[in-house]
>>> print(open('input_18.cif').read())   # mmCIF, C-alpha atoms
data_run
#
loop_
_atom_site.label_atom_id
_atom_site.label_comp_id
_atom_site.auth_asym_id
_atom_site.auth_seq_id
_atom_site.Cartn_x
_atom_site.Cartn_y
_atom_site.Cartn_z
CA LEU E 29 0.00 0.00 0.00
CA PRO E 30 2.73 2.64 0.73
CA TYR E 31 4.05 2.52 -2.84
CA PRO E 32 0.73 3.24 -4.67
CA VAL E 33 -0.11 5.89 -2.05
CA MET E 34 3.24 7.55 -2.76
CA ALA E 35 2.43 7.34 -6.47
CA LEU E 36 -0.92 9.06 -5.85
CA PHE E 37 0.71 11.95 -3.96
CA SER E 38 3.13 12.49 -6.84
CA VAL E 39 0.33 14.17 -8.81
CA PHE E 40 1.32 17.33 -6.92
CA TRP E 41 4.81 17.52 -8.48
CA THR E 42 4.66 15.53 -11.71
CA PRO E 43 4.59 17.56 -14.94
CA TYR E 44 1.64 15.45 -16.16
CA PRO E 45 -0.82 15.16 -13.23
CA GLY E 46 -3.67 13.82 -15.37
CA ASP E 47 -1.64 10.80 -16.52
CA ALA E 48 -0.26 10.31 -13.01
CA LEU E 49 -3.72 10.32 -11.44
CA ARG E 50 -4.96 7.63 -13.82
CA SER E 51 -1.89 5.44 -13.30
CA SER E 52 -1.91 5.85 -9.50
CA ILE E 53 -5.57 4.82 -9.31
CA LEU E 54 -4.72 1.67 -11.28
CA GLN E 55 -1.90 0.96 -8.83
CA LEU E 56 -4.16 1.54 -5.84
CA MET E 57 -6.38 -1.21 -7.22
CA ILE E 58 -3.60 -3.75 -6.54
CA PRO E 59 -3.96 -4.01 -2.73
CA LEU E 60 -7.75 -3.58 -2.90
CA ILE E 61 -8.25 -6.36 -5.47
CA MET E 62 -5.73 -8.67 -3.80
CA VAL E 63 -7.43 -8.36 -0.41
CA THR E 64 -10.87 -8.94 -1.97
CA LEU E 65 -9.57 -11.90 -3.97
CA THR E 66 -7.91 -13.69 -1.07
CA ILE E 67 -10.84 -13.11 1.29
CA ARG E 68 -13.30 -14.65 -1.18
CA LEU E 69 -11.21 -17.54 -2.53
CA ARG E 70 -8.92 -20.19 -1.13
CA PRO E 71 -5.45 -20.61 -2.78
CA THR E 72 -6.56 -23.65 -4.78
CA GLU E 73 -9.58 -21.72 -6.06
CA ILE E 74 -7.38 -18.77 -7.04
CA LEU E 75 -5.17 -21.06 -9.15
CA ARG E 76 -8.32 -22.59 -10.63
CA VAL E 77 -9.63 -19.20 -11.76
CA LEU E 78 -6.21 -18.28 -13.16
CA THR E 79 -6.21 -21.58 -15.07
CA PHE E 80 -9.53 -20.63 -16.66
CA ALA E 81 -8.02 -17.27 -17.60
CA ALA E 82 -4.99 -19.02 -19.11
CA ALA E 83 -7.25 -21.27 -21.19
CA GLY E 84 -9.17 -18.23 -22.42
CA ALA E 85 -5.92 -16.44 -23.27
CA VAL E 86 -4.73 -19.45 -25.28
CA LEU E 87 -7.95 -19.49 -27.30
CA TYR E 88 -7.70 -15.73 -27.84
CA CYS E 89 -4.15 -16.05 -29.23
CA ILE E 90 -4.93 -18.78 -31.77
CA PRO E 91 -5.87 -16.33 -34.58
CA TYR E 92 -2.59 -14.47 -33.94
CA PHE E 93 -0.42 -17.60 -34.19
CA SER E 94 1.53 -16.35 -37.23
CA THR E 95 2.47 -13.08 -35.48
CA LEU E 96 3.35 -14.38 -32.02
CA GLN E 97 7.06 -13.67 -32.59
CA TYR E 98 6.11 -9.97 -32.86
CA GLY E 99 3.77 -9.96 -29.85
CA GLY E 100 0.54 -11.28 -31.38
CA PRO E 101 -2.39 -9.50 -29.70
CA LEU E 102 -0.06 -7.60 -27.34
CA PRO E 103 2.17 -4.59 -28.14
CA GLN E 104 5.47 -6.48 -27.75
CA LYS E 105 6.72 -10.05 -27.69
CA ASN E 106 8.39 -9.81 -24.26
CA LEU E 107 5.10 -8.94 -22.59
CA LEU E 108 3.38 -11.82 -24.39
CA ALA E 109 6.15 -14.22 -23.36
CA TYR E 110 6.04 -13.18 -19.69
CA GLN E 111 2.25 -13.46 -19.51
CA PHE E 112 2.29 -16.94 -21.01
CA MET E 113 5.21 -17.99 -18.84
CA PHE E 114 2.89 -17.51 -15.87
CA ALA E 115 0.03 -19.16 -17.77
CA THR E 116 2.26 -22.20 -18.34
CA LEU E 117 3.25 -22.50 -14.68
CA ILE E 118 -0.28 -21.84 -13.42
CA CYS E 119 -1.72 -24.63 -15.57
CA LEU E 120 1.05 -27.03 -14.53
CA ALA E 121 0.48 -26.23 -10.85
CA THR E 122 -3.25 -26.90 -11.22
CA ALA E 123 -2.53 -30.18 -13.00
CA LEU E 124 -0.14 -31.28 -10.22
CA ASN E 125 -2.33 -30.14 -7.31
CA PRO E 126 -3.68 -33.28 -5.58
CA HIS E 127 -6.35 -31.23 -3.76
CA GLU E 128 -7.92 -29.98 -7.00
CA LYS E 129 -10.89 -31.65 -8.68
CA THR E 130 -10.09 -33.98 -11.58
CA ALA E 131 -12.02 -31.94 -14.17
CA TYR E 132 -10.03 -28.80 -13.37
CA ARG E 133 -6.75 -30.71 -13.35
CA LEU E 134 -7.56 -31.97 -16.84
CA ILE E 135 -8.08 -28.38 -18.00
CA GLY E 136 -4.62 -27.60 -16.64
CA VAL E 137 -3.13 -30.61 -18.41
CA GLY E 138 -4.68 -29.62 -21.73
CA THR E 139 -3.80 -25.92 -21.51
CA PHE E 140 -0.23 -26.34 -20.25
CA PRO E 141 1.44 -27.45 -23.54
CA LEU E 142 -0.47 -24.83 -25.59
CA ALA E 143 0.53 -22.02 -23.23
CA PHE E 144 4.15 -23.18 -23.34
CA LEU E 145 4.04 -23.30 -27.14
CA ILE E 146 2.77 -19.72 -27.34
CA GLN E 147 5.51 -18.58 -24.97
CA PHE E 148 8.11 -20.43 -27.05
CA MET E 149 6.82 -18.83 -30.25
CA ALA E 150 7.13 -15.38 -28.64
CA ASP E 151 10.90 -15.91 -28.81
CA SER E 152 11.97 -14.45 -25.44
CA ALA E 153 15.03 -16.24 -24.12
CA THR E 154 14.76 -14.87 -20.58
CA SER E 155 11.16 -15.94 -20.01
CA LEU E 156 11.87 -19.31 -21.63
CA VAL E 157 14.72 -20.01 -19.20
CA LEU E 158 12.57 -18.94 -16.24
CA SER E 159 9.71 -21.11 -17.51
CA LEU E 160 11.91 -24.20 -17.83
CA LEU E 161 13.34 -23.63 -14.36
CA GLY E 162 9.81 -23.17 -13.02
CA ILE E 163 8.64 -26.41 -14.61
CA PHE E 164 11.61 -28.23 -13.10
CA VAL E 165 10.88 -26.77 -9.65
CA LEU E 166 7.18 -27.70 -9.73
CA LEU E 167 7.92 -31.26 -10.88
CA THR E 168 10.57 -31.60 -8.16
CA VAL E 169 8.10 -30.35 -5.54
CA LYS E 170 5.48 -32.82 -6.70
CA VAL E 171 7.77 -35.85 -6.91
CA PHE E 172 10.19 -35.20 -4.06
CA TRP E 173 9.62 -32.14 -1.88
CA VAL E 174 6.06 -32.80 -0.64
CA GLY E 175 7.18 -36.14 0.75
CA VAL E 176 10.23 -34.63 2.40
CA SER E 177 8.07 -32.02 4.14
CA THR E 178 6.42 -34.73 6.24
CA VAL E 179 9.72 -35.59 7.96
CA THR E 180 10.53 -33.32 10.91
CA HIS E 181 13.39 -30.85 10.24
CA LEU E 182 14.41 -32.64 7.01
CA ARG E 183 12.98 -29.92 4.77
CA SER E 184 14.78 -27.07 6.57
CA THR E 185 18.01 -29.09 6.62
CA LEU E 186 17.87 -29.72 2.88
CA LEU E 187 16.98 -26.10 2.18
CA THR E 188 19.93 -24.87 4.27
CA SER E 189 22.25 -27.29 2.47
CA ILE E 190 21.08 -26.05 -0.93
CA VAL E 191 21.59 -22.40 0.04
CA VAL E 192 25.08 -23.09 1.43
CA ALA E 193 26.05 -25.05 -1.70
CA ALA E 194 24.78 -22.25 -3.97
CA LEU E 195 26.72 -19.62 -2.01
CA ALA E 196 29.87 -21.75 -2.13
CA VAL E 197 29.61 -22.13 -5.90
CA ALA E 198 28.97 -18.38 -6.31
CA ILE E 199 32.01 -17.51 -4.18
CA LEU E 200 34.16 -19.95 -6.15
CA ILE E 201 33.09 -18.47 -9.50
CA LEU E 202 33.55 -14.86 -8.40
CA SER E 203 36.98 -15.58 -6.95
CA MET E 204 38.29 -16.99 -10.24
CA PRO E 205 40.33 -14.36 -12.12
CA GLN E 206 39.23 -13.45 -15.65
CA ASN E 207 36.26 -15.81 -15.63
CA SER E 208 33.71 -15.44 -18.42
CA PHE E 209 30.83 -17.37 -16.88
CA ILE E 210 28.47 -14.39 -16.90
CA ALA E 211 29.23 -13.54 -20.53
CA ASP E 212 28.92 -17.20 -21.53
CA PHE E 213 25.57 -17.49 -19.77
CA LEU E 214 24.25 -14.33 -21.42
CA GLY E 215 25.33 -15.70 -24.78
CA LEU E 216 23.60 -18.99 -24.03
CA VAL E 217 20.25 -17.24 -23.48
CA GLY E 218 20.70 -14.96 -26.48
CA LYS E 219 21.78 -11.80 -24.63
CA ASP E 220 24.77 -9.52 -25.13
CA PRO E 221 26.75 -7.88 -22.28
CA THR E 222 24.57 -4.75 -22.61
CA LEU E 223 21.43 -6.89 -22.03
CA THR E 224 19.95 -5.78 -25.36
CA GLY E 225 20.66 -2.11 -24.73
CA ARG E 226 19.36 -2.06 -21.17
CA THR E 227 22.63 -0.84 -19.66
CA GLY E 228 22.45 2.32 -21.77
CA ILE E 229 18.89 2.97 -20.61
CA TRP E 230 19.98 2.46 -17.00
CA GLU E 231 22.72 5.06 -17.44
CA ALA E 232 20.08 7.52 -18.63
CA ALA E 233 17.91 6.60 -15.62
CA GLU E 234 20.81 7.33 -13.28
CA TYR E 235 21.31 10.73 -14.94
CA VAL E 236 17.62 11.69 -14.60
CA SER E 237 17.25 10.41 -11.04
CA ALA E 238 20.30 12.40 -9.93
CA GLN E 239 18.40 15.59 -10.79
CA HIS E 240 15.41 14.63 -8.59
CA PRO E 241 16.91 12.24 -6.03
CA TRP E 242 14.39 12.16 -3.17
CA PHE E 243 10.87 12.31 -4.65
CA GLY E 244 11.60 11.80 -8.34
CA ILE E 245 9.97 13.63 -11.22
CA GLY E 246 6.53 12.23 -10.44
CA LEU E 247 4.55 9.31 -11.79
CA ASP E 248 4.35 9.23 -15.61
CA GLY E 249 6.65 12.24 -15.69
CA PHE E 250 9.39 10.86 -17.95
CA TRP E 251 8.06 8.61 -20.70
CA HIS E 252 6.18 11.34 -22.54
CA PRO E 253 6.35 12.67 -26.14
CA ASN E 254 7.38 16.11 -24.85
CA THR E 255 10.43 14.75 -22.99
CA GLY E 256 13.45 14.93 -25.28
CA LEU E 257 15.58 12.30 -23.56
CA ALA E 258 12.66 9.87 -23.45
CA GLN E 259 12.13 10.18 -27.20
CA THR E 260 15.84 9.77 -27.83
CA LEU E 261 15.84 6.52 -25.88
CA SER E 262 12.71 5.36 -27.74
CA GLU E 263 14.25 6.01 -31.14
CA ALA E 264 17.55 4.39 -30.16
CA ASN E 265 15.97 1.22 -28.76
CA HIS E 266 12.59 0.87 -30.45
CA ALA E 267 10.73 3.17 -32.80
CA ARG E 268 9.97 6.86 -32.89
CA GLY E 269 7.09 7.71 -30.54
CA ALA E 270 7.06 4.29 -28.89
CA LYS E 271 6.51 4.35 -25.13
CA ILE E 272 9.12 2.15 -23.54
CA SER E 273 10.37 1.65 -19.98
CA PHE E 274 13.66 1.57 -18.11
CA HIS E 275 13.56 -2.26 -18.19
CA SER E 276 14.06 -2.30 -14.44
CA ALA E 277 11.34 -1.86 -11.84
CA PHE E 278 13.87 -0.38 -9.43
CA TRP E 279 15.05 2.29 -11.88
CA GLU E 280 11.47 2.95 -12.96
CA VAL E 281 10.47 3.70 -9.38
CA ARG E 282 13.61 5.64 -8.53
CA VAL E 283 13.26 7.97 -11.54
CA HIS E 284 9.58 8.69 -10.99
CA LEU E 285 9.31 8.56 -7.17
CA GLY E 286 12.91 8.96 -5.98
CA TYR E 287 14.55 7.30 -3.02
CA VAL E 288 11.39 7.64 -0.92
CA GLY E 289 9.27 5.79 -3.47
CA LEU E 290 12.01 3.20 -3.97
CA ALA E 291 12.07 2.56 -0.22
CA CYS E 292 8.28 2.02 -0.25
CA PHE E 293 8.61 -0.35 -3.23
CA ILE E 294 11.39 -2.40 -1.62
CA LEU E 295 9.41 -2.48 1.63
CA GLY E 296 6.56 -4.14 -0.29
CA ILE E 297 8.95 -6.72 -1.74
CA ILE E 298 10.39 -7.54 1.70
CA TRP E 299 6.92 -7.77 3.25
CA ALA E 300 5.66 -10.06 0.48
CA GLY E 301 8.81 -12.18 0.57
CA LEU E 302 8.72 -12.79 4.31
CA ARG E 303 5.03 -13.73 4.26
CA THR E 304 5.45 -16.02 1.23
CA VAL E 305 8.44 -17.84 2.73
CA GLN E 306 6.63 -18.23 6.07
CA LEU E 307 3.62 -19.68 4.25
CA TRP E 308 5.82 -22.17 2.46
CA LEU E 309 7.67 -23.18 5.64
CA ARG E 310 4.31 -23.72 7.32
CA ASP E 311 2.97 -25.88 4.49
CA GLY E 312 5.18 -26.86 1.55
CA SER E 313 2.29 -28.00 -0.65
CA VAL E 314 2.26 -27.73 -4.44
CA VAL E 315 0.10 -24.59 -4.29
CA ASN E 316 2.27 -22.81 -1.72
CA SER E 317 5.42 -23.86 -3.56
CA THR E 318 3.91 -22.32 -6.68
CA PHE E 319 3.34 -19.03 -4.86
CA LEU E 320 6.95 -19.07 -3.64
CA LEU E 321 8.16 -19.77 -7.19
CA PHE E 322 6.09 -16.86 -8.52
CA PHE E 323 7.55 -14.52 -5.93
CA PHE E 324 11.14 -15.35 -6.87
CA ILE E 325 10.44 -15.13 -10.61
CA VAL E 326 8.86 -11.68 -10.32
CA THR E 327 11.63 -10.50 -7.99
CA ILE E 328 14.19 -11.53 -10.61
CA THR E 329 12.06 -9.80 -13.24
CA CYS E 330 12.36 -6.53 -11.29
CA PHE E 331 15.99 -6.27 -12.39
CA THR E 332 15.34 -6.48 -16.14
CA GLU E 333 11.70 -5.43 -16.64
CA SER E 334 9.41 -2.72 -15.26
CA TYR E 335 6.21 -4.78 -15.14
CA PRO E 336 6.19 -5.26 -11.31
CA ALA E 337 6.15 -1.48 -10.84
CA GLY E 338 3.20 -0.98 -13.16
CA ALA E 339 -0.57 -1.26 -12.92
CA PHE E 340 -2.58 -4.34 -11.96
CA SER E 341 -1.67 -7.40 -14.06
CA THR E 342 -1.20 -11.17 -13.85
CA ILE E 343 2.48 -10.63 -13.02
CA ILE E 344 1.65 -8.49 -9.97
CA THR E 345 -1.13 -10.89 -8.93
CA ALA E 346 1.32 -13.79 -8.96
CA PHE E 347 3.84 -11.75 -6.98
CA TYR E 348 1.53 -11.03 -4.02
CA LEU E 349 -0.52 -14.25 -3.92
CA GLY E 350 1.70 -15.98 -1.37
CA ALA E 351 1.84 -12.93 0.89
CA PHE E 352 -1.94 -12.65 1.13
CA ALA E 353 -2.49 -16.43 1.25
CA TYR E 354 -0.31 -16.45 4.39
CA PHE E 355 -3.18 -14.88 6.38
CA ASP E 356 -5.45 -17.80 5.44
CA PHE E 357 -8.51 -15.60 4.99
CA GLY E 358 -10.41 -18.22 2.96
CA ALA E 359 -9.88 -21.02 5.48
CA ARG E 360 -11.01 -18.83 8.38
CA LYS E 361 -14.14 -17.88 6.45
CA LYS E 362 -15.00 -21.54 5.82
CA VAL E 363 -14.42 -22.43 9.48
CA GLY E 364 -16.57 -19.52 10.62
CA GLN E 365 -19.44 -20.63 8.38
CA ALA E 366 -19.21 -24.22 9.64
CA ARG E 367 -19.32 -23.15 13.27
CA LEU E 368 -22.32 -20.92 12.63
CA ILE E 369 -24.29 -23.83 11.13
CA GLU E 370 -23.32 -26.11 13.98
CA THR E 371 -24.49 -23.52 16.55
CA ARG E 372 -27.87 -23.22 14.87
CA ASP E 373 -28.33 -26.98 14.94
#
>>> encode(input="input_18.cif", output="structure tokens")
Amino acid sequence: LPYPVMALFSVFWTPYPGDALRSSILQLMIPLIMVTLTIRLRPTEILRVLTFAAAGAVLYCIPYFSTLQYGGPLPQKNLLAYQFMFATLICLATALNPHEKTAYRLIGVGTFPLAFLIQFMADSATSLVLSLLGIFVLLTVKVFWVGVSTVTHLRSTLLTSIVVAALAVAILILSMPQNSFIADFLGLVGKDPTLTGRTGIWEAAEYVSAQHPWFGIGLDGFWHPNTGLAQTLSEANHARGAKISFHSAFWEVRVHLGYVGLACFILGIIWAGLRTVQLWLRDGSVVNSTFLLFFFIVTITCFTESYPAGAFSTIITAFYLGAFAYFDFGARKKVGQARLIETRD
């Protein structure tokens, strides 16, 4: 909530208050819709509804099959790929969820390969890598992790061992002189050292944010046709007049809302992360593992895309699902209804 509230207040110093007011209202919808959603539905039901949405999105994209590599029905291919990356993982999670009804699991099974195909056709290496890693994680959870969670302390021991091993490997790689692992990995996923021009955009973001360090230039105050630097970046990276982003949620927030807005944004990430991890430690089911996977994917996305700092979308929904599911609103509502009926009897 602090981040969208900060965005709303920026209408008083942004050069385009009308655009900022519209965008801030859309951002204020995020906490309101998420609270309403998680009060009304249990986690399994939320994934079920998202699976229906994924099936509808697949059907909607069929007429655009020949243009999916250019974005199909959406303005750009990266956005299409990221949306269908989540559609792929949502359908797989529903198919693997043992607490879901068979009919809905079959819908997940049928939609999963089609959603993955659409994402593959969108030709986005980053989302494809994240999707494959997500599929591997969900299958591992289903086959191995759920069983491990029933043994006392075994899950936390394994998790600690994995984290220690990952840190040891990272330290080893970073300590090697003149290693090219990062460059080799970027080449493997089809990226250059500039991350497809992102580093140049980040340098421009640093220049702009230095002029308005604390409160930024205001929401929707930079990417505008009347801003010369914004149009220069658009022409250099896309097409004249195209509205792009800083390809980093952190830079997007820092430019528009300064250090204060960035602190609010990071506070939301920390809050959501702690709640999601606590939920998973409490119950490492397929559904809760899916929410934890979504949180980490979107957090990684914050470094290379601006979607998490934008208006309400599937990406933001997936990011906060675990945090709100932690409070177990749906289960408490069901228990309250059952007790009320029993009292009347």
>>> resolve_selection(input="input_18.cif", expression="the PyMOL selection byres ((chain E and resi 277) around 10)", output="number ranges by chain")
E: 273-276, 278-282, 290, 293, 327, 329-338
>>> atom_distance(input="input_18.cif", atom1="atom CA of E:Thr342", atom2="atom CA of E:Val165")
20.2 Å
>>> residues_around(input="input_18.cif", residues="stretch 100-109 of chain E", least_positions_apart="2", cutoff="10 Å", atoms="all atoms listed in the file", output="ChimeraX atom specification")
/E:88-98,111-115,143-144,146-156,159,333,335
>>> atom_distance(input="input_18.cif", atom1="atom CA of E:Pro45", atom2="atom CA of E:Leu285")
13.5 Å
>>> resolve_selection(input="input_18.cif", expression="the PyMOL selection byres ((chain E and resi 166) around 8)", output="list in words")
Leu120, Ala121, Gly162, Ile163, Phe164, Val165, Leu167, Thr168, Val169, Lys170, Val314, Ser317 and Thr318 of chain E
>>> closest_residue(input="input_18.cif", among="E:Ala81, E:Tyr354, E:Ala346, E:Ala339", to="E:Asp311", atoms="only C-alpha atoms")
E:Tyr354
>>> atom_distance(input="input_18.cif", atom1="atom CA of E:Thr42", atom2="atom CA of E:Trp251")
11.8 Å
>>> axis_aligned_box(input="input_18.cif", around="stretch 335-339 of chain E", padding_each_side="8 Å", output="AutoDock Vina command-line options")
--center_x 2.8 --center_y -3.1 --center_z -13.0 --size_x 22.8 --size_y 20.3 --size_z 20.3
>>> residues_around(input="input_18.cif", residues="E:Gly286", least_positions_apart="5", cutoff="7 Å", atoms="all atoms listed in the file", output="number ranges by chain")
E: 237, 240-244, 281
>>> closest_residue(input="input_18.cif", among="E:Leu142, E:Leu69, E:Ile294, E:Ala232", to="E:Leu87", atoms="only C-alpha atoms")
E:Leu142
>>> closest_residue(input="input_18.cif", among="E:Tyr31, E:Leu124, E:Leu349, E:Leu36", to="E:Asp248", atoms="all atoms listed in the file")
E:Leu36
>>> resolve_selection(input="input_18.cif", expression="the PyMOL selection byres ((chain E and resi 49) around 12)", output="ChimeraX atom specification")
/E:32-48,50-56,246-249
>>> residues_around(input="input_18.cif", residues="E:Gly350", least_positions_apart="2", cutoff="6 Å", atoms="all atoms listed in the file", output="PyMOL selection string")
chain E and resi 304+319+348+352-353
>>> write_last_selection(input="input_18.cif", atoms="C-alpha atoms", output="tab-separated table (two decimals), in the coordinates of the input")
chain	number	residue	atom	x	y	z
E	304	THR	CA	5.45	-16.02	1.23
E	319	PHE	CA	3.34	-19.03	-4.86
E	348	TYR	CA	1.53	-11.03	-4.02
E	352	PHE	CA	-1.94	-12.65	1.13
E	353	ALA	CA	-2.49	-16.43	1.25
>>> residues_around(input="input_18.cif", residues="E:Gly301", least_positions_apart="4", cutoff="9 Å", atoms="all atoms listed in the file", output="number ranges by chain")
E: 296-297, 305-306, 320, 323-324, 348, 350-351
>>> closest_residue(input="input_18.cif", among="E:Leu309, E:Leu65, E:Ala123, E:Leu29", to="E:Gly138", atoms="all atoms listed in the file")
E:Ala123
